[in-house]
file structure-v9.txt (compact mmCIF, C-alpha atoms)
# COMPACT_ATOMS: atom_id res chain seq x y z
CA MET A 202 -85.62 -57.63 -36.13
CA THR A 203 -85.23 -57.00 -32.39
CA LEU A 204 -81.97 -55.30 -31.47
CA LYS A 205 -80.05 -56.15 -28.32
CA THR A 206 -78.61 -53.30 -26.31
CA LEU A 207 -76.29 -55.63 -24.37
CA SER A 208 -74.65 -58.95 -25.21
CA GLY A 209 -72.29 -61.50 -23.73
CA PRO A 210 -70.95 -60.81 -20.21
CA ALA A 211 -72.59 -57.37 -20.09
CA ALA A 212 -76.03 -58.88 -20.73
CA ILE A 213 -75.56 -61.47 -18.00
CA ALA A 214 -74.16 -58.93 -15.52
CA ALA A 215 -77.25 -56.76 -16.07
CA LEU A 216 -79.70 -59.48 -14.97
CA PRO A 217 -81.64 -58.52 -11.81
CA ARG A 218 -80.21 -59.93 -8.59
CA ASN A 219 -82.96 -58.80 -6.19
CA ARG A 220 -85.56 -61.39 -7.23
CA LEU A 221 -85.93 -64.84 -8.75
CA LEU A 222 -85.20 -64.82 -12.48
CA GLY A 223 -87.38 -66.45 -15.10
CA GLU A 224 -85.30 -68.41 -17.60
CA PHE A 225 -87.58 -69.65 -20.40
CA SER A 226 -86.72 -73.01 -21.97
CA LEU A 227 -87.40 -72.80 -25.69
CA TRP A 228 -87.64 -76.59 -25.77
CA SER A 229 -91.17 -76.02 -24.42
CA ALA A 230 -92.09 -73.38 -27.00
CA ASP A 231 -94.24 -74.07 -30.04
CA LEU A 232 -91.42 -74.91 -32.41
CA ALA A 233 -93.63 -74.48 -35.46
CA ASN A 234 -94.56 -70.97 -34.31
CA MET A 235 -91.39 -69.91 -32.53
CA GLU A 236 -91.53 -66.24 -33.46
CA ALA A 237 -95.07 -65.94 -32.13
CA ASP A 238 -94.05 -67.55 -28.84
CA LEU A 239 -91.01 -65.28 -28.59
CA ARG A 240 -93.22 -62.24 -29.00
CA ARG A 241 -95.58 -63.55 -26.31
CA ILE A 242 -92.84 -64.08 -23.72
CA GLU A 243 -90.55 -61.14 -24.56
CA LEU A 244 -91.92 -58.93 -21.76
CA TYR A 245 -91.63 -61.68 -19.15
CA ALA A 246 -88.46 -63.67 -19.84
CA ASP A 247 -85.24 -62.57 -18.20
CA LEU A 248 -83.30 -64.84 -20.53
CA HIS A 249 -83.90 -67.68 -22.97
CA HIS A 250 -82.59 -71.18 -22.29
CA ILE A 251 -81.68 -73.38 -25.26
CA ASP A 252 -80.75 -77.03 -24.73
CA VAL A 253 -78.30 -78.65 -27.11
CA ALA A 254 -78.04 -82.44 -27.08
CA ASP A 255 -75.87 -84.74 -29.19
CA ALA A 256 -77.84 -87.99 -28.55
CA ARG A 257 -74.78 -89.44 -26.82
CA PHE A 258 -74.17 -87.44 -23.64
CA THR A 259 -77.93 -87.36 -23.16
CA PRO A 260 -80.93 -89.00 -24.87
CA GLY A 261 -82.32 -87.17 -27.85
CA LEU A 262 -81.01 -84.67 -30.35
CA LEU A 263 -81.67 -80.99 -29.73
CA PHE A 264 -81.10 -77.63 -31.27
CA PHE A 265 -78.46 -76.41 -33.64
CA PRO A 266 -76.56 -73.17 -34.33
CA ASP A 267 -78.78 -71.96 -37.19
CA PHE A 268 -81.75 -72.14 -34.82
CA VAL A 269 -79.97 -69.90 -32.32
CA ALA A 270 -78.91 -67.48 -35.04
CA ARG A 271 -82.53 -67.05 -36.09
CA ILE A 272 -83.75 -66.59 -32.50
CA THR A 273 -81.08 -63.95 -31.88
CA LYS A 274 -82.74 -61.78 -34.53
CA ALA A 275 -86.15 -62.09 -32.87
CA THR A 276 -85.39 -61.22 -29.24
CA ALA A 277 -83.53 -58.67 -27.14
CA ARG A 278 -83.21 -61.12 -24.24
CA PRO A 279 -79.92 -62.86 -23.41
CA ILE A 280 -79.54 -66.37 -24.78
CA HIS A 281 -78.20 -69.15 -22.55
CA VAL A 282 -77.08 -72.27 -24.42
CA HIS A 283 -76.77 -75.43 -22.34
CA LEU A 284 -74.41 -77.87 -24.06
CA MET A 285 -75.33 -81.47 -23.23
CA VAL A 286 -72.61 -82.93 -25.45
CA GLU A 287 -69.60 -85.22 -25.22
CA ALA A 288 -66.22 -83.82 -24.23
CA GLU A 289 -64.66 -84.34 -27.66
CA ILE A 290 -67.04 -81.88 -29.33
CA VAL A 291 -67.75 -79.40 -26.53
CA GLU A 292 -65.14 -76.86 -27.62
CA GLU A 293 -66.27 -76.80 -31.25
CA GLN A 294 -69.91 -76.59 -30.15
CA THR A 295 -68.99 -73.68 -27.90
CA ARG A 296 -67.47 -71.85 -30.85
CA GLN A 297 -70.42 -72.56 -33.16
CA PHE A 298 -73.11 -71.42 -30.74
CA ILE A 299 -71.27 -68.24 -29.77
CA GLU A 300 -70.86 -67.42 -33.45
CA ALA A 301 -74.63 -67.97 -33.74
CA GLY A 302 -75.32 -65.41 -31.02
CA ALA A 303 -75.27 -67.11 -27.62
CA ASP A 304 -74.52 -64.75 -24.74
CA LEU A 305 -73.87 -67.49 -22.19
CA ILE A 306 -72.56 -71.01 -22.78
CA SER A 307 -72.88 -73.58 -20.01
CA VAL A 308 -70.87 -76.79 -20.24
CA HIS A 309 -71.01 -79.86 -18.05
CA ALA A 310 -68.53 -80.42 -15.25
CA GLU A 311 -68.56 -84.03 -16.44
CA ASN A 312 -66.69 -82.86 -19.56
CA GLY A 313 -63.64 -82.41 -17.33
CA GLU A 314 -60.63 -80.63 -18.83
CA ALA A 315 -62.42 -80.23 -22.15
CA GLY A 316 -65.14 -78.35 -20.29
CA SER A 317 -62.55 -76.05 -18.73
CA ARG A 318 -61.07 -75.35 -22.15
CA ALA A 319 -64.55 -74.64 -23.52
CA ILE A 320 -65.15 -72.10 -20.73
CA ALA A 321 -61.87 -70.38 -21.54
CA LEU A 322 -62.78 -70.36 -25.23
CA ALA A 323 -66.21 -68.88 -24.52
CA LYS A 324 -64.61 -65.97 -22.71
CA LYS A 325 -61.99 -65.50 -25.42
CA LEU A 326 -64.80 -65.26 -27.99
CA GLY A 327 -66.64 -62.62 -25.96
CA ALA A 328 -69.36 -64.70 -24.28
CA GLU A 329 -70.05 -65.53 -20.65
CA ALA A 330 -69.65 -69.05 -19.28
CA GLY A 331 -71.40 -71.40 -16.88
CA VAL A 332 -71.12 -74.93 -15.54
CA VAL A 333 -73.85 -77.57 -15.18
CA LEU A 334 -74.07 -80.69 -13.02
CA ARG A 335 -76.03 -83.84 -13.71
CA LEU A 336 -78.18 -85.00 -10.80
CA GLU A 337 -75.87 -87.91 -10.00
CA THR A 338 -72.67 -85.83 -9.96
CA PRO A 339 -71.42 -84.68 -6.53
CA VAL A 340 -71.89 -80.94 -6.00
CA SER A 341 -68.20 -80.67 -5.10
CA ALA A 342 -67.46 -81.12 -8.82
CA ILE A 343 -68.14 -77.41 -9.33
CA ARG A 344 -65.06 -76.43 -7.31
CA PRO A 345 -62.58 -76.26 -10.24
CA PHE A 346 -65.02 -74.10 -12.22
CA ILE A 347 -66.29 -71.60 -9.62
CA ASP A 348 -63.66 -68.94 -10.29
CA HIS A 349 -64.32 -68.98 -14.03
CA VAL A 350 -68.10 -68.94 -14.43
CA ALA A 351 -71.08 -66.62 -13.95
CA PHE A 352 -73.71 -69.40 -13.73
CA VAL A 353 -73.87 -72.69 -11.85
CA THR A 354 -76.82 -74.85 -12.92
CA LEU A 355 -77.91 -77.94 -11.00
CA LEU A 356 -80.19 -80.42 -12.74
CA GLY A 357 -83.01 -81.61 -10.48
CA THR A 358 -84.04 -84.50 -12.73
CA SER A 359 -82.31 -87.03 -14.97
CA ILE A 360 -80.71 -85.29 -17.89
CA GLY A 361 -82.48 -84.64 -21.18
CA VAL A 362 -85.95 -86.09 -20.43
CA LYS A 363 -89.03 -83.89 -20.10
CA GLY A 364 -91.81 -84.22 -17.55
CA GLN A 365 -89.97 -85.77 -14.61
CA SER A 366 -90.65 -85.01 -10.97
CA LEU A 367 -88.10 -83.04 -8.96
CA SER A 368 -85.61 -85.23 -7.16
CA GLU A 369 -85.82 -85.19 -3.37
CA LYS A 370 -82.08 -84.40 -3.42
CA ALA A 371 -82.42 -81.22 -5.48
CA CYS A 372 -82.95 -78.67 -2.72
CA ASP A 373 -80.16 -80.03 -0.52
CA ARG A 374 -77.83 -79.87 -3.52
CA LEU A 375 -78.67 -76.20 -4.06
CA VAL A 376 -77.91 -75.44 -0.42
CA GLU A 377 -74.58 -77.23 -0.76
CA ALA A 378 -73.73 -75.34 -3.93
CA ARG A 379 -74.59 -72.01 -2.30
CA SER A 380 -72.27 -72.91 0.58
CA LEU A 381 -69.41 -73.66 -1.83
CA LEU A 382 -69.95 -70.36 -3.63
CA LYS A 383 -69.91 -68.53 -0.31
CA GLN A 384 -66.72 -70.28 0.78
CA SER A 385 -65.04 -69.23 -2.45
CA GLY A 386 -66.17 -65.61 -2.10
CA ARG A 387 -68.12 -65.84 -5.36
CA GLU A 388 -71.75 -66.01 -4.24
CA ASP A 389 -72.34 -62.40 -5.29
CA GLN A 390 -70.85 -62.99 -8.74
CA VAL A 391 -72.35 -66.38 -9.64
CA ILE A 392 -76.05 -67.03 -10.35
CA LEU A 393 -77.29 -70.36 -9.01
CA ALA A 394 -79.82 -71.99 -11.33
CA ALA A 395 -82.28 -74.88 -10.94
CA ASP A 396 -83.23 -76.83 -14.07
CA GLY A 397 -85.70 -79.73 -14.21
CA GLY A 398 -88.80 -80.60 -12.23
CA ILE A 399 -89.97 -76.96 -12.27
CA ARG A 400 -93.59 -76.99 -11.11
CA GLU A 401 -95.84 -74.63 -9.19
CA GLN A 402 -95.27 -76.61 -5.99
CA THR A 403 -91.50 -77.01 -6.45
CA VAL A 404 -90.43 -73.48 -7.40
CA PRO A 405 -90.99 -72.08 -3.86
CA LEU A 406 -88.88 -74.95 -2.45
CA LEU A 407 -86.07 -74.33 -4.92
CA ARG A 408 -86.14 -70.60 -4.26
CA ALA A 409 -86.03 -71.15 -0.50
CA ALA A 410 -83.01 -73.43 -1.04
CA GLY A 411 -81.10 -70.67 -2.82
CA ALA A 412 -82.05 -70.85 -6.51
CA GLN A 413 -81.68 -67.47 -8.21
CA THR A 414 -83.15 -68.57 -11.52
CA VAL A 415 -85.36 -71.47 -12.57
CA VAL A 416 -85.62 -72.90 -16.07
CA LEU A 417 -89.30 -72.64 -16.93
CA GLY A 418 -90.95 -74.97 -19.41
CA SER A 419 -94.64 -75.81 -19.38
CA LEU A 420 -95.14 -73.77 -16.19
CA ALA A 421 -94.62 -70.66 -18.31
CA PHE A 422 -95.54 -71.69 -21.83
CA GLY A 423 -98.72 -73.41 -20.65
CA ASP A 424 -99.93 -70.43 -18.60
CA LYS A 425 -102.45 -68.15 -20.31
CA ASN A 426 -101.64 -65.28 -17.95
CA LEU A 427 -97.88 -64.92 -17.93
CA GLY A 428 -98.06 -61.59 -16.15
CA ASP A 429 -99.63 -63.14 -13.06
CA ARG A 430 -97.35 -66.17 -13.22
CA MET A 431 -94.20 -64.06 -13.32
CA ALA A 432 -95.42 -61.69 -10.60
CA TRP A 433 -95.88 -64.76 -8.39
CA LEU A 434 -92.43 -66.07 -9.28
CA HIS A 435 -90.71 -62.73 -8.69
CA GLY A 436 -92.28 -62.47 -5.23
CA LEU A 437 -90.84 -65.73 -3.90
CA GLU A 438 -88.33 -65.28 -1.09
CA ASN A 439 -84.84 -66.72 -0.83
CA ARG A 440 -84.43 -68.07 2.70
CA VAL A 441 -80.80 -69.12 2.40
CA SER A 442 -78.38 -66.69 4.04
call {"tool": "encode", "arguments": {"input": "structure-v9.txt", "output": "structure tokens"}}
result
Amino acid sequence: MTLKTLSGPAAIAALPRNRLLGEFSLWSADLANMEADLRRIELYADLHHIDVADARFTPGLLFFPDFVARITKATARPIHVHLMVEAEIVEEQTRQFIEAGADLISVHAENGEAGSRAIALAKKLGAEAGVVLRLETPVSAIRPFIDHVAFVTLLGTSIGVKGQSLSEKACDRLVEARSLLKQSGREDQVILAADGGIREQTVPLLRAAGAQTVVLGSLAFGDKNLGDRMAWLHGLENRVS
């Protein structure tokens, strides 16, 4: 068992802010050998990203609370659960995944008031909260959530489908989100994340547009030399002021 020294908001607050973070999507891990993959990435991941899908809000059906509970025992890294679920179940899913060990729960702005209630519930239960936007949702939709979250994640591809190319709109959307965070006085408190279309040629563009973390799938799990890959990622500059 790997023991965490920090959890919930404290674990998220302790993430480095002077470089690009590496958020490892466990959807891209070897699910039949998860513990081995967790051991391989433990030195390099800043946090783990776990997608949850209900096969209604997004195509497919992905991970469940027992899975998160088992992972929690095998890593000291913070766990970020991304809930891609319908509004009517988002609050109960928030509760279940926090009970399983999630440090950060991100809900979709498209869940509306139910999403806001889920964020409040996450904080009441001792976790941190974030908000996510689908690619087709206007960036302005984050406004009601900015004061209540520690993460804003923008999807750069259609939701819930692996292997897509980064949308040409993704970088402009990050710049817009960074501007909204700055206007609200929260840019130093909120981490801006890019999820989807993460490739060697796109990460520098996303970083230059203001991304502070990228959700790594095959770019990390498919690399035989993670040390070199992460050194490259950490050295990328943020050009947005």
call {"tool": "atom_distance", "arguments": {"input": "structure-v9.txt", "atom1": "atom CA of Ile280 of chain A", "atom2": "atom CA of Asp252 of chain A"}}
result
10.7 Å
call {"tool": "residues_around", "arguments": {"input": "structure-v9.txt", "residues": "Ala246 of chain A", "least_positions_apart": "5", "cutoff": "8 Å", "atoms": "only C-alpha atoms", "output": "ChimeraX atom specification"}}
result
/A:223-225,278
call {"tool": "residues_around", "arguments": {"input": "structure-v9.txt", "residues": "Ile347 of chain A", "least_positions_apart": "3", "cutoff": "9 Å", "atoms": "all atoms listed in the file", "output": "count of residues only"}}
result
13
call {"tool": "residues_around", "arguments": {"input": "structure-v9.txt", "residues": "Ala303 of chain A", "least_positions_apart": "6", "cutoff": "9 Å", "atoms": "all atoms listed in the file", "output": "list in words"}}
result
Ser208, Gly209, Val269, Ala270, Thr273, Pro279, Ile280, His281, Val282, Ala328 and Glu329 of chain A
call {"tool": "closest_residue", "arguments": {"input": "structure-v9.txt", "among": "A:Ala254, A:Leu334, A:Ala395, A:Ile272", "to": "Arg240 of chain A", "atoms": "all atoms listed in the file"}}
result
A:Ile272
